[in-house]
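Trainee: Sending over input32.pdb (PDB, C-alpha atoms).
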```pdb
ATOM      1  CA  MET A 239      24.976  23.238   2.926
ATOM      2  CA  VAL A 240      28.155  24.303   1.142
ATOM      3  CA  ILE A 241      27.939  27.719  -0.473
ATOM      4  CA  ALA A 242      30.493  30.179  -1.781
ATOM      5  CA  GLY A 243      32.011  30.753   1.643
ATOM      6  CA  GLY A 244      31.987  27.103   2.632
ATOM      7  CA  GLN A 245      29.356  27.722   5.320
ATOM      8  CA  SER A 246      26.732  25.248   6.499
ATOM      9  CA  ALA A 247      23.054  25.863   7.207
ATOM     10  CA  ARG A 248      22.164  26.414  10.855
ATOM     11  CA  ASN A 249      18.365  26.190  10.840
ATOM     12  CA  ASP A 250      15.386  25.463   8.610
ATOM     13  CA  SER A 251      14.738  29.009   7.414
ATOM     14  CA  LYS A 252      18.434  29.658   6.780
ATOM     15  CA  ALA A 253      18.657  26.377   4.859
ATOM     16  CA  CYS A 254      16.026  27.625   2.410
ATOM     17  CA  LYS A 255      17.643  31.058   2.061
ATOM     18  CA  ASP A 256      21.204  29.787   1.770
ATOM     19  CA  GLY A 257      20.169  27.256  -0.835
ATOM     20  CA  ASP A 258      19.467  30.147  -3.188
ATOM     21  CA  LYS A 259      22.972  31.542  -2.716
ATOM     22  CA  VAL A 260      24.346  28.630  -4.701
ATOM     23  CA  LYS A 261      22.731  30.198  -7.789
ATOM     24  CA  GLY A 262      25.466  32.804  -7.886
ATOM     25  CA  ASN A 263      28.040  30.036  -7.962
ATOM     26  CA  MET A 264      26.725  28.017 -10.926
ATOM     27  CA  LYS A 265      29.887  27.748 -13.017
ATOM     28  CA  ASP A 266      31.237  24.788 -14.883
ATOM     29  CA  THR A 267      34.088  24.315 -12.401
ATOM     30  CA  GLU A 268      34.754  23.040  -8.916
ATOM     31  CA  ARG A 269      37.628  24.572  -7.004
ATOM     32  CA  ASP A 270      38.869  25.470  -3.542
ATOM     33  CA  GLY A 271      36.387  23.156  -1.897
ATOM     34  CA  THR A 272      33.478  25.268  -3.094
ATOM     35  CA  MET A 273      30.668  23.310  -4.715
ATOM     36  CA  GLN A 274      29.552  24.756  -8.021
ATOM     37  CA  PHE A 275      26.659  23.515 -10.123
ATOM     38  CA  VAL A 276      25.761  23.704 -13.785
ATOM     39  CA  ASN A 277      22.124  22.928 -12.947
ATOM     40  CA  LEU A 278      20.281  23.845  -9.756
ATOM     41  CA  ALA A 279      16.648  23.221  -8.846
ATOM     42  CA  LYS A 280      14.576  23.921  -5.757
ATOM     43  CA  SER A 281      11.030  23.133  -4.676
ATOM     44  CA  VAL A 282       8.434  25.862  -5.046
ATOM     45  CA  ASP A 283       5.687  24.564  -2.740
ATOM     46  CA  GLY A 284       7.245  24.801   0.703
ATOM     47  CA  SER A 285       9.091  21.495   1.049
ATOM     48  CA  CYS A 286      12.420  23.395   1.067
ATOM     49  CA  GLN A 287      14.609  20.996  -0.872
ATOM     50  CA  PHE A 288      17.351  21.524  -3.430
ATOM     51  CA  ILE A 289      19.208  19.486  -6.002
ATOM     52  CA  GLY A 290      22.389  20.609  -7.724
ATOM     53  CA  ILE A 291      24.268  18.890 -10.541
ATOM     54  CA  THR A 292      27.977  19.367 -11.189
ATOM     55  CA  SER A 293      29.783  19.434 -14.523
ATOM     56  CA  ASN A 294      30.728  15.749 -14.203
ATOM     57  CA  GLY A 295      27.091  14.679 -13.845
ATOM     58  CA  THR A 296      27.058  14.113 -10.083
ATOM     59  CA  ALA A 297      23.849  15.125  -8.289
ATOM     60  CA  TYR A 298      23.836  16.595  -4.769
ATOM     61  CA  THR A 299      20.721  17.017  -2.620
ATOM     62  CA  TRP A 300      20.015  19.013   0.529
ATOM     63  CA  GLY A 301      17.125  20.698   2.322
ATOM     64  CA  ARG A 302      15.089  21.115   5.457
ATOM     65  CA  GLY A 303      14.594  17.429   6.124
ATOM     66  CA  ASN A 304      14.608  13.918   4.723
ATOM     67  CA  GLY A 305      11.828  12.214   6.647
ATOM     68  CA  LEU A 306      10.251  10.767   3.497
ATOM     69  CA  GLY A 307      13.454   9.945   1.658
ATOM     70  CA  GLN A 308      13.094  12.953  -0.663
ATOM     71  CA  LEU A 309      16.852  13.548  -0.692
ATOM     72  CA  GLY A 310      17.556  10.016  -1.880
ATOM     73  CA  ARG A 311      20.437   9.450   0.529
ATOM     74  CA  ARG A 312      21.356   9.389   4.200
ATOM     75  CA  GLY A 313      23.253  11.882   6.301
ATOM     76  CA  ARG A 314      22.708  15.431   7.488
ATOM     77  CA  PRO A 315      19.962  16.917   5.284
ATOM     78  CA  THR A 316      21.123  20.543   5.413
ATOM     79  CA  ARG A 317      24.514  19.746   3.891
ATOM     80  CA  PRO A 318      24.777  18.858   0.187
ATOM     81  CA  ALA A 319      25.680  15.203  -0.299
ATOM     82  CA  ALA A 320      26.076  13.189  -3.480
ATOM     83  CA  VAL A 321      23.506  10.638  -4.573
ATOM     84  CA  VAL A 322      24.244   7.609  -6.714
ATOM     85  CA  LEU A 323      22.051   6.507  -9.615
ATOM     86  CA  THR A 324      22.561   2.785 -10.144
ATOM     87  CA  ALA A 325      20.368   0.173 -11.800
ATOM     88  CA  LYS A 326      20.645  -3.283 -13.319
ATOM     89  CA  THR A 327      20.680  -3.049 -17.091
ATOM     90  CA  ASP A 328      20.371  -6.662 -18.245
ATOM     91  CA  GLY A 329      19.427 -10.173 -17.165
ATOM     92  CA  ASN A 330      22.977 -10.866 -16.025
ATOM     93  CA  GLY A 331      22.654  -8.324 -13.248
ATOM     94  CA  THR A 332      25.054  -5.795 -14.739
ATOM     95  CA  VAL A 333      24.918  -2.581 -12.718
ATOM     96  CA  THR A 334      25.562   0.788 -14.323
ATOM     97  CA  THR A 335      25.809   4.274 -12.853
ATOM     98  CA  ALA A 336      23.899   7.053 -14.589
ATOM     99  CA  ARG A 337      25.089  10.617 -15.188
ATOM    100  CA  ALA A 338      22.671  13.309 -13.984
ATOM    101  CA  VAL A 339      21.673  16.162 -16.314
ATOM    102  CA  ARG A 340      18.738  17.952 -14.668
ATOM    103  CA  GLY A 341      17.129  17.899 -11.241
ATOM    104  CA  TYR A 342      13.549  18.569 -10.119
ATOM    105  CA  ALA A 343      12.161  19.060  -6.600
ATOM    106  CA  GLY A 344       8.561  19.168  -5.447
ATOM    107  CA  GLY A 345       6.069  18.437  -2.735
ATOM    108  CA  SER A 346       4.712  20.507   0.131
ATOM    109  CA  SER A 347       5.509  21.150   3.771
ATOM    110  CA  GLU A 348       3.951  17.747   4.556
ATOM    111  CA  SER A 349       5.474  15.746   1.717
ATOM    112  CA  GLY A 350       8.218  15.862  -0.867
ATOM    113  CA  HIS A 351       9.645  13.999  -3.817
ATOM    114  CA  THR A 352      12.618  14.580  -6.096
ATOM    115  CA  ALA A 353      13.490  13.566  -9.653
ATOM    116  CA  ILE A 354      16.630  13.429 -11.783
ATOM    117  CA  LEU A 355      16.845  13.198 -15.566
ATOM    118  CA  ASP A 356      19.993  11.363 -16.671
ATOM    119  CA  SER A 357      22.081  11.678 -19.828
ATOM    120  CA  GLU A 358      20.331   8.662 -21.383
ATOM    121  CA  GLY A 359      16.896  10.238 -20.962
ATOM    122  CA  SER A 360      15.740   8.104 -18.026
ATOM    123  CA  LEU A 361      13.879   9.585 -15.069
ATOM    124  CA  TRP A 362      14.863   8.670 -11.505
ATOM    125  CA  LEU A 363      12.651   9.456  -8.513
ATOM    126  CA  THR A 364      12.704   9.213  -4.736
ATOM    127  CA  GLY A 365      10.692  10.400  -1.741
ATOM    128  CA  CYS A 366       7.032  10.351  -0.791
ATOM    129  CA  ASP A 367       5.054   7.784  -2.755
ATOM    130  CA  ARG A 368       1.803   7.811  -0.776
ATOM    131  CA  TRP A 369      -0.211   8.577  -3.904
ATOM    132  CA  GLN A 370       2.083   7.003  -6.530
ATOM    133  CA  GLN A 371       3.697  10.329  -7.381
ATOM    134  CA  LEU A 372       6.878   8.375  -8.145
ATOM    135  CA  GLY A 373       5.070   6.450 -10.886
ATOM    136  CA  PHE A 374       6.585   3.031 -10.214
ATOM    137  CA  GLY A 375       3.320   1.195 -10.805
ATOM    138  CA  SER A 376       2.871  -0.152 -14.325
ATOM    139  CA  PRO A 377       0.603   2.063 -16.463
ATOM    140  CA  ARG A 378      -1.480  -1.079 -17.021
ATOM    141  CA  ALA A 379      -2.064  -1.482 -13.281
ATOM    142  CA  GLY A 380      -4.637   1.302 -12.883
ATOM    143  CA  ALA A 381      -4.658   2.502  -9.279
ATOM    144  CA  ALA A 382      -2.866  -0.638  -8.099
ATOM    145  CA  GLY A 383       0.835  -1.277  -7.798
ATOM    146  CA  TYR A 384       1.783   0.856  -4.816
ATOM    147  CA  THR A 385       5.481   0.823  -3.995
ATOM    148  CA  TRP A 386       5.374   1.971  -0.396
ATOM    149  CA  LYS A 387       8.542   1.496   1.634
ATOM    150  CA  ASP A 388       7.590   1.057   5.296
ATOM    151  CA  GLY A 389       4.289   2.696   4.424
ATOM    152  CA  VAL A 390       4.826   5.798   2.334
ATOM    153  CA  TRP A 391       8.235   6.368   0.754
ATOM    154  CA  GLN A 392      11.260   5.377  -1.286
ATOM    155  CA  GLU A 393      14.590   6.347   0.261
ATOM    156  CA  ARG A 394      16.861   5.889  -2.760
ATOM    157  CA  PHE A 395      16.603   7.184  -6.318
ATOM    158  CA  ARG A 396      15.066   4.529  -8.529
ATOM    159  CA  ARG A 397      14.746   4.571 -12.310
ATOM    160  CA  ASN A 398      11.209   4.689 -13.685
ATOM    161  CA  ASP A 399      11.052   1.969 -16.320
ATOM    162  CA  PHE A 400       7.327   2.316 -16.986
ATOM    163  CA  LEU A 401       7.374   5.725 -18.678
ATOM    164  CA  PRO A 402       9.066   4.355 -21.834
ATOM    165  CA  GLU A 403       6.041   2.065 -22.277
ATOM    166  CA  LEU A 404       3.896   5.163 -22.804
ATOM    167  CA  MET A 405       6.059   7.783 -24.430
ATOM    168  CA  SER A 406       6.079   8.058 -28.195
ATOM    169  CA  GLY A 407       8.784  10.726 -28.490
ATOM    170  CA  GLY A 408      11.484   8.545 -27.039
ATOM    171  CA  SER A 409      12.735  11.315 -24.754
ATOM    172  CA  ILE A 410      11.674  13.565 -21.894
ATOM    173  CA  ARG A 411      11.618  17.311 -22.510
ATOM    174  CA  ASP A 412      10.497  18.540 -19.100
ATOM    175  CA  VAL A 413       9.302  17.409 -15.663
ATOM    176  CA  ALA A 414       7.293  19.153 -12.934
ATOM    177  CA  LEU A 415       6.617  17.911  -9.403
ATOM    178  CA  GLY A 416       3.477  19.113  -7.632
ATOM    179  CA  GLY A 417       2.272  18.631  -4.087
ATOM    180  CA  ASP A 418       1.524  14.931  -4.554
ATOM    181  CA  HIS A 419       1.783  14.365  -8.308
ATOM    182  CA  THR A 420       4.244  14.379 -11.197
ATOM    183  CA  ILE A 421       3.923  15.799 -14.726
ATOM    184  CA  VAL A 422       6.204  14.705 -17.608
ATOM    185  CA  LEU A 423       6.403  16.338 -21.039
ATOM    186  CA  ASP A 424       7.276  14.090 -23.961
ATOM    187  CA  GLY A 425      10.099  15.141 -26.250
ATOM    188  CA  ASN A 426       7.606  15.496 -29.096
ATOM    189  CA  GLY A 427       6.236  18.643 -27.421
ATOM    190  CA  ARG A 428       2.652  17.374 -27.654
ATOM    191  CA  ASP A 429       2.049  14.582 -25.156
ATOM    192  CA  VAL A 430       1.979  15.066 -21.387
ATOM    193  CA  TYR A 431       1.973  12.199 -18.884
ATOM    194  CA  ALA A 432       0.793  12.420 -15.298
ATOM    195  CA  PHE A 433       0.735  10.233 -12.207
ATOM    196  CA  GLY A 434       0.064  10.499  -8.498
ATOM    197  CA  LYS A 435      -2.845  12.073  -6.657
ATOM    198  CA  GLY A 436      -5.581  13.307  -8.979
ATOM    199  CA  GLY A 437      -8.752  13.958  -7.014
ATOM    200  CA  GLU A 438      -8.605  17.704  -7.719
ATOM    201  CA  GLY A 439      -8.219  17.098 -11.445
ATOM    202  CA  GLN A 440      -4.509  17.998 -11.383
ATOM    203  CA  LEU A 441      -3.577  15.005 -13.569
ATOM    204  CA  GLY A 442      -5.871  16.045 -16.402
ATOM    205  CA  LEU A 443      -7.349  12.538 -16.638
ATOM    206  CA  ARG A 444     -10.970  11.703 -17.394
ATOM    207  CA  GLY A 445     -13.004  10.989 -14.292
ATOM    208  CA  ARG A 446     -10.520  12.688 -11.967
ATOM    209  CA  PRO A 447      -9.175   9.437 -10.462
ATOM    210  CA  PHE A 448      -8.106   9.808  -6.839
ATOM    211  CA  VAL A 449      -4.765   8.201  -7.683
ATOM    212  CA  SER A 450      -3.224   7.028 -10.945
ATOM    213  CA  THR A 451      -0.140   5.309 -12.300
ATOM    214  CA  PRO A 452       1.517   6.951 -15.361
ATOM    215  CA  ALA A 453      -1.052   7.833 -18.023
ATOM    216  CA  ARG A 454      -1.374  10.287 -20.906
ATOM    217  CA  SER A 455      -3.055  13.466 -19.695
ATOM    218  CA  THR A 456      -5.840  14.384 -22.081
ATOM    219  CA  GLY A 457      -6.343  17.659 -20.246
ATOM    220  CA  LEU A 458      -2.755  18.832 -20.716
ATOM    221  CA  SER A 459      -1.633  17.202 -23.960
ATOM    222  CA  SER A 460      -1.772  19.296 -27.113
ATOM    223  CA  SER A 461      -4.854  18.786 -29.254
ATOM    224  CA  SER A 462      -5.347  22.176 -30.904
ATOM    225  CA  ARG A 463      -3.871  23.052 -34.285
ATOM    226  CA  THR A 464      -1.932  26.088 -35.420
ATOM    227  CA  SER A 465      -2.689  27.992 -38.637
ATOM    228  CA  ASN A 466      -0.430  25.681 -40.657
ATOM    229  CA  GLY A 467      -2.189  22.576 -39.355
ATOM    230  CA  ALA A 468       0.530  21.497 -36.924
ATOM    231  CA  ASN A 469      -0.177  20.604 -33.319
ATOM    232  CA  GLU A 470       0.297  23.355 -30.762
ATOM    233  CA  ARG A 471       3.765  22.803 -29.287
ATOM    234  CA  ILE A 472       4.304  22.649 -25.534
ATOM    235  CA  ALA A 473       7.640  24.033 -24.336
ATOM    236  CA  ALA A 474       7.499  23.317 -20.591
ATOM    237  CA  VAL A 475       5.265  22.118 -17.760
ATOM    238  CA  CYS A 476       4.636  23.355 -14.218
ATOM    239  CA  ALA A 477       2.982  21.759 -11.187
ATOM    240  CA  ILE A 478       2.029  23.966  -8.238
ATOM    241  CA  GLN A 479       0.233  22.412  -5.287
ATOM    242  CA  HIS A 480      -2.873  20.806  -6.892
ATOM    243  CA  CYS A 481      -2.567  22.737 -10.166
ATOM    244  CA  SER A 482      -0.821  21.611 -13.368
ATOM    245  CA  LEU A 483      -0.208  23.644 -16.503
ATOM    246  CA  THR A 484       1.629  23.787 -19.814
ATOM    247  CA  LEU A 485       3.589  26.699 -21.279
ATOM    248  CA  ASP A 486       4.511  27.782 -24.784
ATOM    249  CA  SER A 487       8.034  28.888 -25.689
ATOM    250  CA  ARG A 488       7.339  32.465 -24.540
ATOM    251  CA  GLY A 489       6.061  31.381 -21.130
ATOM    252  CA  ASN A 490       2.380  31.891 -21.870
ATOM    253  CA  ILE A 491      -0.001  29.380 -20.295
ATOM    254  CA  LEU A 492      -1.563  27.013 -22.800
ATOM    255  CA  ARG A 493      -3.659  24.757 -20.564
ATOM    256  CA  THR A 494      -4.409  24.355 -16.869
ATOM    257  CA  VAL A 495      -6.007  21.514 -14.915
ATOM    258  CA  GLY A 496      -6.804  21.104 -11.233
ATOM    259  CA  ARG A 497      -7.079  23.868  -8.656
ATOM    260  CA  CYS A 498      -5.599  26.746 -10.630
ATOM    261  CA  LYS A 499      -8.077  29.564  -9.983
ATOM    262  CA  ARG A 500      -5.670  31.355  -7.647
ATOM    263  CA  LEU A 501      -2.694  31.309 -10.005
ATOM    264  CA  GLU A 502      -2.841  35.062 -10.471
ATOM    265  CA  SER A 503      -4.593  36.174  -7.251
ATOM    266  CA  SER A 504      -2.459  34.192  -4.787
ATOM    267  CA  LYS A 505       0.976  35.691  -4.190
ATOM    268  CA  GLY A 506       2.392  32.302  -3.270
ATOM    269  CA  MET A 507       1.097  30.567  -6.400
ATOM    270  CA  ALA A 508       2.148  33.469  -8.616
ATOM    271  CA  GLN A 509       5.670  33.316  -7.192
ATOM    272  CA  ALA A 510       5.737  29.561  -7.691
ATOM    273  CA  LEU A 511       4.698  29.995 -11.317
ATOM    274  CA  GLU A 512       7.460  32.547 -11.894
ATOM    275  CA  ALA A 513       9.961  30.194 -10.243
ATOM    276  CA  CYS A 514       8.865  27.401 -12.575
ATOM    277  CA  LYS A 515       9.221  29.646 -15.617
ATOM    278  CA  GLU A 516      12.652  30.792 -14.484
ATOM    279  CA  ARG A 517      13.714  27.163 -14.068
ATOM    280  CA  ALA A 518      12.441  26.382 -17.579
ATOM    281  CA  ARG A 519      14.311  29.368 -19.027
ATOM    282  CA  ARG A 520      17.471  28.257 -17.254
ATOM    283  CA  ASP A 521      17.047  24.801 -18.788
ATOM    284  CA  GLY A 522      16.759  26.376 -22.239
ATOM    285  CA  LEU A 523      13.078  25.484 -22.708
ATOM    286  CA  LEU A 524      11.693  29.038 -22.822
ATOM    287  CA  SER A 525      12.888  32.227 -24.431
ATOM    288  CA  LYS A 526      14.798  34.513 -22.077
ATOM    289  CA  LYS A 527      12.040  37.107 -21.995
ATOM    290  CA  SER A 528       8.521  35.769 -21.690
ATOM    291  CA  LYS A 529       5.228  37.583 -21.749
ATOM    292  CA  GLN A 530       2.959  37.729 -18.751
ATOM    293  CA  ALA A 531       0.997  34.494 -18.578
ATOM    294  CA  THR A 532      -2.782  34.292 -18.594
ATOM    295  CA  CYS A 533      -5.032  31.326 -17.994
ATOM    296  CA  THR A 534      -6.756  30.145 -21.145
ATOM    297  CA  ASP A 535      -8.141  26.751 -20.144
ATOM    298  CA  GLY A 536      -9.230  24.841 -17.096
ATOM    299  CA  ASP A 537      -9.854  26.614 -13.797
TER     300      ASP A 537
END
```
Would you mind writing the file's structure down as structure tokens?
Mentor:
Amino acid sequence: MVIAGGQSARNDSKACKDGDKVKGNMKDTERDGTMQFVNLAKSVDGSCQFIGITSNGTAYTWGRGNGLGQLGRRGRPTRPAAVVLTAKTDGNGTVTTARAVRGYAGGSSESGHTAILDSEGSLWLTGCDRWQQLGFGSPRAGAAGYTWKDGVWQERFRRNDFLPELMSGGSIRDVALGGDHTIVLDGNGRDVYAFGKGGEGQLGLRGRPFVSTPARSTGLSSSSRTSNGANERIAAVCAIQHCSLTLDSRGNILRTVGRCKRLESSKGMAQALEACKERARRDGLLSKKSKQATCTDGD
């Protein structure tokens, strides 16, 4: 991994620690062979993966490993390497390259998946797809439509063209990647979409389906009204292990679904929540100073 001193990671634990050092180098320039990012994301659930985006919209990934394709490219996993976002845009086979804006990393020590939001508002995903956490099955396909590559993964970033079928806001405001599921917040600040593994209720879908393609989460989407009659606005989303939650603009928890009872009692989950809130503040979704969160719904 390239950091301020141009060093490379030597082992798994150092890869995770050194990945954080890039934070101090997040400037809108690239010089002297030192890689500098305007957006940097890392996983919070133990999968030890990072994604950094430069000022020209190029995404770099690195981490502990790439056994499930979670880095979306080949080569040495502990060194940052660029990924390419290409897709056919019309019936004539025209191929275009997308410009990355934000990166998201998730998973656990046994799995991992990564997402990139591009400048056109499309979401690209790669990595473990055992439980459809990449969301490539049509929302009309129910629990069908698996996209397994040699059994369980995608090894290149692929654009999700099914989310636009569901989303009313026409844009994506935020994304969170849990252990084996994905949460997407619509640009309207009200609707939340979920896909992947859901047996613990982490998707917020009726019936707690074991696995689901992209669907509107009734458990996470805003349904309450404020004093002026407007819908409660969601500022950001988080996904930690088998727990999913929504935040208001101050970082307070609005709703939780799944296994969230240990959010405040577990040091690991509490740290993951703070990391998610810090990421959301860095992306301009939350105010710089947020109040201490408390659980108000769900578990």
Trainee: Counting only C-alpha atoms, find residues at most 8 Å from (6.0, 20.5, -25.5) (file frame) and give them as a PyMOL selection string.
Mentor: chain A and resi 411+423-430+471-475+484-486
Trainee: Would you save the residues of that selection, restricted to C-alpha atoms, as a PDB file, keeping the file's coordinate frame?
Mentor:
```
ATOM      1  CA  ARG A 411      11.618  17.311 -22.510  1.00  0.00           C
ATOM      2  CA  LEU A 423       6.403  16.338 -21.039  1.00  0.00           C
ATOM      3  CA  ASP A 424       7.276  14.090 -23.961  1.00  0.00           C
ATOM      4  CA  GLY A 425      10.099  15.141 -26.250  1.00  0.00           C
ATOM      5  CA  ASN A 426       7.606  15.496 -29.096  1.00  0.00           C
ATOM      6  CA  GLY A 427       6.236  18.643 -27.421  1.00  0.00           C
ATOM      7  CA  ARG A 428       2.652  17.374 -27.654  1.00  0.00           C
ATOM      8  CA  ASP A 429       2.049  14.582 -25.156  1.00  0.00           C
ATOM      9  CA  VAL A 430       1.979  15.066 -21.387  1.00  0.00           C
ATOM     10  CA  ARG A 471       3.765  22.803 -29.287  1.00  0.00           C
ATOM     11  CA  ILE A 472       4.304  22.649 -25.534  1.00  0.00           C
ATOM     12  CA  ALA A 473       7.640  24.033 -24.336  1.00  0.00           C
ATOM     13  CA  ALA A 474       7.499  23.317 -20.591  1.00  0.00           C
ATOM     14  CA  VAL A 475       5.265  22.118 -17.760  1.00  0.00           C
ATOM     15  CA  THR A 484       1.629  23.787 -19.814  1.00  0.00           C
ATOM     16  CA  LEU A 485       3.589  26.699 -21.279  1.00  0.00           C
ATOM     17  CA  ASP A 486       4.511  27.782 -24.784  1.00  0.00           C
TER      18      ASP A 486
END
```
Trainee: One decimal, Å: what's the distance from CA of Gln392 (chain A) over to CA of Gly290 (chain A), could you say?
Mentor: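 Computing it gives 19.9 Å between the two atoms.
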Trainee: Evaluated on this file, the PyMOL selection byres ((chain A and resi 443-452) around 7) picks out some residues - which ones are they, written as a tab-separated table (two decimals) with C-alpha atoms, in the coordinates of the input?
Mentor:
```tsv
chain	number	residue	atom	x	y	z
A	369	TRP	CA	-0.21	8.58	-3.90
A	370	GLN	CA	2.08	7.00	-6.53
A	373	GLY	CA	5.07	6.45	-10.89
A	375	GLY	CA	3.32	1.20	-10.80
A	376	SER	CA	2.87	-0.15	-14.32
A	377	PRO	CA	0.60	2.06	-16.46
A	380	GLY	CA	-4.64	1.30	-12.88
A	381	ALA	CA	-4.66	2.50	-9.28
A	401	LEU	CA	7.37	5.72	-18.68
A	431	TYR	CA	1.97	12.20	-18.88
A	432	ALA	CA	0.79	12.42	-15.30
A	433	PHE	CA	0.74	10.23	-12.21
A	434	GLY	CA	0.06	10.50	-8.50
A	435	LYS	CA	-2.84	12.07	-6.66
A	436	GLY	CA	-5.58	13.31	-8.98
A	437	GLY	CA	-8.75	13.96	-7.01
A	438	GLU	CA	-8.60	17.70	-7.72
A	439	GLY	CA	-8.22	17.10	-11.44
A	441	LEU	CA	-3.58	15.00	-13.57
A	442	GLY	CA	-5.87	16.05	-16.40
A	453	ALA	CA	-1.05	7.83	-18.02
A	455	SER	CA	-3.06	13.47	-19.70
A	456	THR	CA	-5.84	14.38	-22.08
A	457	GLY	CA	-6.34	17.66	-20.25
```
Trainee: Interatomic distance between CA of Ser360 (chain A) and CA of Arg397 (chain A)?
Mentor: 6.8 Å
Trainee: Between A:Phe400, A:Tyr298, A:Trp362, A:Phe275, which residue has the minimum interatomic distance to Ala325 (chain A), considering all atoms listed in the file?
Mentor: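 Once distances to Ala325 (chain A) are computed over all atoms listed in the file, the minimum belongs to A:Trp362.
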Trainee: Please indicate the distance in Å from CA of Leu361 (chain A) to CA of Gly416 (chain A), rounded to one decimal place.
Mentor: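 Taking CA of Leu361 (chain A) as the start and CA of Gly416 (chain A) as the end point, the length is 15.9 Å.
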Trainee: Box for region 408-425 of chain A: with edges along x, y and z, all listed atoms inside and 3 Å added on each side, what are the centre and edge lengths in Å to one decimal, as AutoDock Vina command-line options?
Mentor:
```
--center_x 7.1 --center_y 13.8 --center_z -15.6 --size_x 17.2 --size_y 16.6 --size_z 29.0
```
Trainee: Using all atoms listed in the file, what does the table of region 309-367 of chain A residues within 12 Å of region 515-527 of chain A look like, with each row giving the shortest atom pair and its distance in Å to one decimal, sorted by chain and ascending number, as CSV?
Mentor:
```
residue,atom,partner,partner_atom,distance
A:Val339,CA,A:Asp521,CA,10.1
A:Arg340,CA,A:Asp521,CA,8.2
A:Gly341,CA,A:Asp521,CA,10.2
A:Tyr342,CA,A:Arg517,CA,9.5
A:Ala343,CA,A:Arg517,CA,11.1
```
Trainee: Could you check which residues have any atom within 10 Å of (18.4, 9.1, 1.5), counting only C-alpha atoms with coordinates taken straight from the file, and then list them as a list in words?
Mentor: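 Protein and nucleic acid residues near the point are Thr299, Asn304, Gly305, Leu306, Gly307, Gln308, Leu309, Gly310, Arg311, Arg312, Gly313, Arg314, Pro315, Ala319, Val321, Thr364, Gly365, Gln392, Glu393, Arg394 and Phe395 of chain A.
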Trainee: Compare A:Ile410, A:Leu415, A:Val322, A:Ile478 by their minimum atom-to-atom distance to Cys366 (chain A), counting only C-alpha atoms, and give me the closest one.
Mentor: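 Looking only at the distances to Cys366 (chain A), the closest residue turns out to be A:Leu415.
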Trainee: Can you list, as a list in words, the residues that the PyMOL selection byres ((chain A and resi 345) around 6) selects here?
Mentor: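 Listing what the PyMOL selection byres ((chain A and resi 345) around 6) selects in the shown file: Ser285, Gly344, Ser346, Ser349, Gly350, His351, Gly416 and Gly417 of chain A.
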Trainee: Please provide the set of residues having any atom within 7 Å of Arg337 (chain A), restricted to only C-alpha atoms, with same-chain residues fewer than 4 positions apart removed, written as a compact mmCIF listing (two decimals) with C-alpha atoms, in the frame of the given file.
Mentor:
```txt
# COMPACT_ATOMS: atom_id res chain seq x y z
CA GLY A 295 27.09 14.68 -13.84
CA THR A 296 27.06 14.11 -10.08
CA ASP A 356 19.99 11.36 -16.67
CA SER A 357 22.08 11.68 -19.83
```
Trainee: Point out the residue among A:Leu363, A:Pro402, A:Thr292, A:Arg396 with the least atom-to-atom distance to Thr335 (chain A), counting all atoms listed in the file.
Mentor: A:Arg396
Trainee: Just say which residues the PyMOL selection byres ((chain A and resi 496-502) around 6) picks in this file, as a CSV table (one decimal) with C-alpha atoms, in the coordinates of the input.
Mentor:
```csv
chain,number,residue,atom,x,y,z
A,438,GLU,CA,-8.6,17.7,-7.7
A,439,GLY,CA,-8.2,17.1,-11.4
A,440,GLN,CA,-4.5,18.0,-11.4
A,480,HIS,CA,-2.9,20.8,-6.9
A,481,CYS,CA,-2.6,22.7,-10.2
A,495,VAL,CA,-6.0,21.5,-14.9
A,503,SER,CA,-4.6,36.2,-7.3
A,504,SER,CA,-2.5,34.2,-4.8
A,507,MET,CA,1.1,30.6,-6.4
A,508,ALA,CA,2.1,33.5,-8.6
A,537,ASP,CA,-9.9,26.6,-13.8
```
